[in-house]
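This report concerns only the one structure given below.
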Amino acid sequence: MSSVSLRGYSVVRAGRASFLLHRRSALAAGGLLVALAATVVASLCLGESTVSPGEVVKVVLGQPSPDELVVGEFRLPRVVVGLLVGAALGLAGALIQTVARNPLASPDVVGVTWGATATVVGLMAYGVVGSTGEAPYAAVGGGLVAGLLVYALAWRRGLHAQRFVLIGIGISVALSSLTSVFLTKGDGFQAQAAKVWMTGSLNGAGFDQAGWLAWVLLAALPVALWAARAQRSISFDDATAVGLGLRLDRIRLGMALLGIVLASCAAGAAGPVDFVALMAPQIALRLARSAQVPLLCSALTGALVVVLADLIARRLLAPTELPVGVVTGMVGAPYLMWLLIRSRRGGS
Amino acid sequence: MSAPRLEARGLTLAYEARTVVEDLDVRIPDGRVTVIVGPNACGKSTLLRALGRLLKPVRGSVLLDGEELARIPTRRIAQRLGLLPQSPTAPEGISVADLVSRGRQPHQSWWQQWSPEDEAAVAEALERTSTAELAERSMDELSGGQRQRAWIAMALAQGTDILLLDEPTTYLDIAHQVEVLDLVRRLNVERGRTVVAVLHDLNQAARYADHLVAMRDGRVVAQGAPGEVVTAELVREVFGLESVVVPDPVTGTPLVVPGAPWAATVEPVDA
């Protein structure tokens, strides 16, 4: 009997158990982790006062340090929230792109982000929601409702991938118009606050946001791992996927639901941070050179992009702090374009 | 004759409100090659989709091993019945070996992602379809015929006794058509697999089928061995075409030669 060499995979066997490891994905994940750790440390070092990496590590490990206040109280919460928001967006983008079979799909496109935005802006502009305190709940609710509505409308004897994207775009446009109405008709001062929220900002982010986002991500992880296996057949056309024994409707609903929840929660924690969910999976795909969007690498890429973008947002025009949402596009887009130009892969 | 492993009873199939197949009975003989033929839009692909649980019947049922298809978990169906749709799409940049290995999905689980059985099945599938030397290549680089062999290899790796093929020769030139059909025939003879294929070329169907199912307007017009079924009357009834049926000079199976072609009314030269 001849053996098969699966190009790019390593097989790990333990007794009757066996695992397929995509080497390049593992390598990319490792590299992203290192880059993320370095960016996090740099983020904690740099600011109005510069702290040495040694002191930063001490603070993170909970050892006494003279820089405890600056690093531990001011900078760390913001970095952690940025990391979690980025990871949630990256993972959400990867899931939605898998379900829609479309590299241009993302929570921003399928209505989730605008659902969150319209809800929060509406409630803020009319003074129902005071400020950032209750905004997360409104964002999560609005994002979920909009995302599920798009999913339901795209249903036609099963989820129709193209309808999913097209209806998402339609609903997004409607919701963005609605948001403009809220901004112009609402109370001036409140509307201004809503506008700031809309740019997607980590300014003043605290651990109270990080806590629940971390729990959501932790809960999402096993589901994502389960989804990663299904991805091996879901990346075919519908008929082939079903032929391979995939319960397509159920798995798509599960993945879409998870993506919608994650994106809504990210919007709740930091407002709509543009472009991360669209770009992170595509960057991760090209780093991992896998046949389908890699879920874990997408999450890590998202985290890296947001933490890096926030560092730039804080320092570029210091002491003025830019909203992170303004910078994510500036950081990620050129890199994605470079990857696109360099790689032989098309965009489809 | 005992009940075949795959059969349809009183099957009515529809897309939305449009009924495509009505009250159809068909028995798929075990270990044989069954070919479904008929004009465009006669419901042959629709029937195949229903046999492969891709389309839910409006009425009637498809039975696999005597059990209603709709009641069997899709994964368990996938362990017994493989299918290759008309134009399957693979993820971009995937290698042939990676593609074929995914045929093992219904036999794998969380903790068994690549067992020795998986490896053996994939190796055999690559071997049988002569795609072993292409294993490392990317699907995008292959010719149409090579790609189709890779897809068949994937369906083979699935290790099912029954294989459904929807127009497996579409988009292939004649040499590759013959290559793919020879491969299918060989799999049937050497491995005893039950094959159900939709073909639009009646002559190819007559050559490769043990059992022919001729359809028109969602009904079965005739079924049986090609030698008995394919006649000029049948061709007229099914396709609305005048023809002469002669023995195939190579295989002896019926060969349908269409009636005189239209020609401009030019006086023959020697007249």
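Labels for the structure tokens follow display order: chains A, B, ..., residues from 1 in each chain, ligands from 1.
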
For this session: Determine, counting only C-alpha atoms, which protein, DNA and RNA residues have an atom within 6 Å of an atom of segment 280-293 of chain A; residues of the same chain fewer than 6 positions away are not included. Present the result as a list in words.
Result: Arg24, Ser25, Ala28, Gly90, Ala94, Thr301, Gly302 and Leu336 of chain A; Pro91 and Ile94 of chain B

Mind dumping the selected residues with N, CA and C atoms as a compact mmCIF listing (two decimals), in the first residue's frame?
```txt
# COMPACT_ATOMS: atom_id res chain seq x y z
N ARG A 24 1.66 25.45 7.82
CA ARG A 24 1.82 26.87 7.57
C ARG A 24 0.87 27.69 8.47
N SER A 25 -0.34 27.15 8.74
CA SER A 25 -1.26 27.84 9.63
C SER A 25 -0.69 27.90 11.04
N ALA A 28 2.04 30.43 11.05
CA ALA A 28 1.49 31.78 11.01
C ALA A 28 0.93 32.17 12.38
N GLY A 90 -11.94 39.73 14.12
CA GLY A 90 -11.24 38.85 13.19
C GLY A 90 -11.96 37.52 13.04
N ALA A 94 -14.06 36.03 9.81
CA ALA A 94 -13.73 34.73 9.22
C ALA A 94 -14.98 33.85 9.12
N THR A 301 -4.84 37.88 13.91
CA THR A 301 -4.58 39.01 13.02
C THR A 301 -5.43 40.21 13.42
N GLY A 302 -6.71 39.94 13.70
CA GLY A 302 -7.61 41.02 14.13
C GLY A 302 -7.07 41.70 15.38
N LEU A 336 -2.80 44.63 3.32
CA LEU A 336 -3.63 43.68 2.57
C LEU A 336 -3.39 43.84 1.07
N PRO B 91 -12.22 24.86 -2.94
CA PRO B 91 -11.56 26.06 -2.45
C PRO B 91 -10.33 26.37 -3.30
N ILE B 94 -6.39 24.63 -3.59
CA ILE B 94 -6.32 23.35 -2.90
C ILE B 94 -5.56 22.33 -3.76
```

Could you give me, as JSON lines, every chain B residue with an atom at most 7 Å from chain A, plus its closest atom pair and distance in Å to one decimal, counting only C-alpha atoms, rows ordered by chain then number?
```
{"residue": "B:Leu54", "atom": "CA", "partner": "A:Ala239", "partner_atom": "CA", "distance": 6.7}
{"residue": "B:Thr74", "atom": "CA", "partner": "A:Gly245", "partner_atom": "CA", "distance": 5.0}
{"residue": "B:Arg75", "atom": "CA", "partner": "A:Gly245", "partner_atom": "CA", "distance": 3.8}
{"residue": "B:Ile77", "atom": "CA", "partner": "A:Gly245", "partner_atom": "CA", "distance": 7.0}
{"residue": "B:Ala78", "atom": "CA", "partner": "A:Gly245", "partner_atom": "CA", "distance": 4.9}
{"residue": "B:Gly82", "atom": "CA", "partner": "A:Gly243", "partner_atom": "CA", "distance": 6.1}
{"residue": "B:Leu83", "atom": "CA", "partner": "A:Gly243", "partner_atom": "CA", "distance": 5.7}
{"residue": "B:Leu84", "atom": "CA", "partner": "A:Thr240", "partner_atom": "CA", "distance": 6.6}
{"residue": "B:Pro85", "atom": "CA", "partner": "A:Ala239", "partner_atom": "CA", "distance": 6.3}
{"residue": "B:Pro88", "atom": "CA", "partner": "A:Asp237", "partner_atom": "CA", "distance": 6.0}
{"residue": "B:Thr89", "atom": "CA", "partner": "A:Asp237", "partner_atom": "CA", "distance": 5.4}
{"residue": "B:Ala90", "atom": "CA", "partner": "A:Phe236", "partner_atom": "CA", "distance": 5.1}
{"residue": "B:Pro91", "atom": "CA", "partner": "A:Ala291", "partner_atom": "CA", "distance": 5.7}
{"residue": "B:Glu92", "atom": "CA", "partner": "A:Ala291", "partner_atom": "CA", "distance": 6.2}
{"residue": "B:Gly93", "atom": "CA", "partner": "A:Ala291", "partner_atom": "CA", "distance": 6.2}
{"residue": "B:Ile94", "atom": "CA", "partner": "A:Ala291", "partner_atom": "CA", "distance": 5.4}
{"residue": "B:Ala97", "atom": "CA", "partner": "A:Leu6", "partner_atom": "CA", "distance": 5.8}
{"residue": "B:Asp98", "atom": "CA", "partner": "A:Leu6", "partner_atom": "CA", "distance": 6.1}
{"residue": "B:Arg102", "atom": "CA", "partner": "A:Arg232", "partner_atom": "CA", "distance": 6.8}
{"residue": "B:Gly103", "atom": "CA", "partner": "A:Leu244", "partner_atom": "CA", "distance": 6.6}
{"residue": "B:Gln105", "atom": "CA", "partner": "A:Leu244", "partner_atom": "CA", "distance": 6.3}
{"residue": "B:Pro106", "atom": "CA", "partner": "A:Gly245", "partner_atom": "CA", "distance": 5.7}
{"residue": "B:Trp111", "atom": "CA", "partner": "A:Ala17", "partner_atom": "CA", "distance": 5.2}
{"residue": "B:Gln112", "atom": "CA", "partner": "A:Ser18", "partner_atom": "CA", "distance": 4.8}
{"residue": "B:Gln113", "atom": "CA", "partner": "A:Phe19", "partner_atom": "CA", "distance": 5.0}
{"residue": "B:Trp114", "atom": "CA", "partner": "A:Ser18", "partner_atom": "CA", "distance": 5.5}
{"residue": "B:Ser115", "atom": "CA", "partner": "A:Ser18", "partner_atom": "CA", "distance": 6.1}
{"residue": "B:Glu119", "atom": "CA", "partner": "A:Val4", "partner_atom": "CA", "distance": 6.3}
{"residue": "B:Ala120", "atom": "CA", "partner": "A:Ser3", "partner_atom": "CA", "distance": 7.0}
{"residue": "B:Ala123", "atom": "CA", "partner": "A:Val4", "partner_atom": "CA", "distance": 5.6}
{"residue": "B:Glu136", "atom": "CA", "partner": "A:Arg7", "partner_atom": "CA", "distance": 6.2}
```

Problem set entry | Å distance separating atom CA of Leu295 of chain A from atom CA of Ala266 of chain A, one decimal place |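 Computing the Euclidean distance for atom CA of Leu295 of chain A and atom CA of Ala266 of chain A yields 16.6 Å.
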
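Between atom CA of Ile162 of chain B and atom CA of Gln79 of chain B there is a distance of 9.5 Å.
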
Exercise. How far is it from atom CA of Lys195 of chain A to atom CA of Thr119 of chain A, in Å with one decimal?
Worked result: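 Going from atom CA of Lys195 of chain A over to atom CA of Thr119 of chain A, I get 12.7 Å.
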
For this session: Could you check which of B:Ser243, B:Ser95, B:Ser87, B:Thr251 is closest to Leu134 of chain B, using only C-alpha atoms?
Result: B:Ser95

Exercise. Which residue gives the smallest distance to Glu179 of chain B among B:Gly145, B:Gly192, B:Gly252, B:Gly218, with only C-alpha atoms counted?
Worked result: B:Gly145
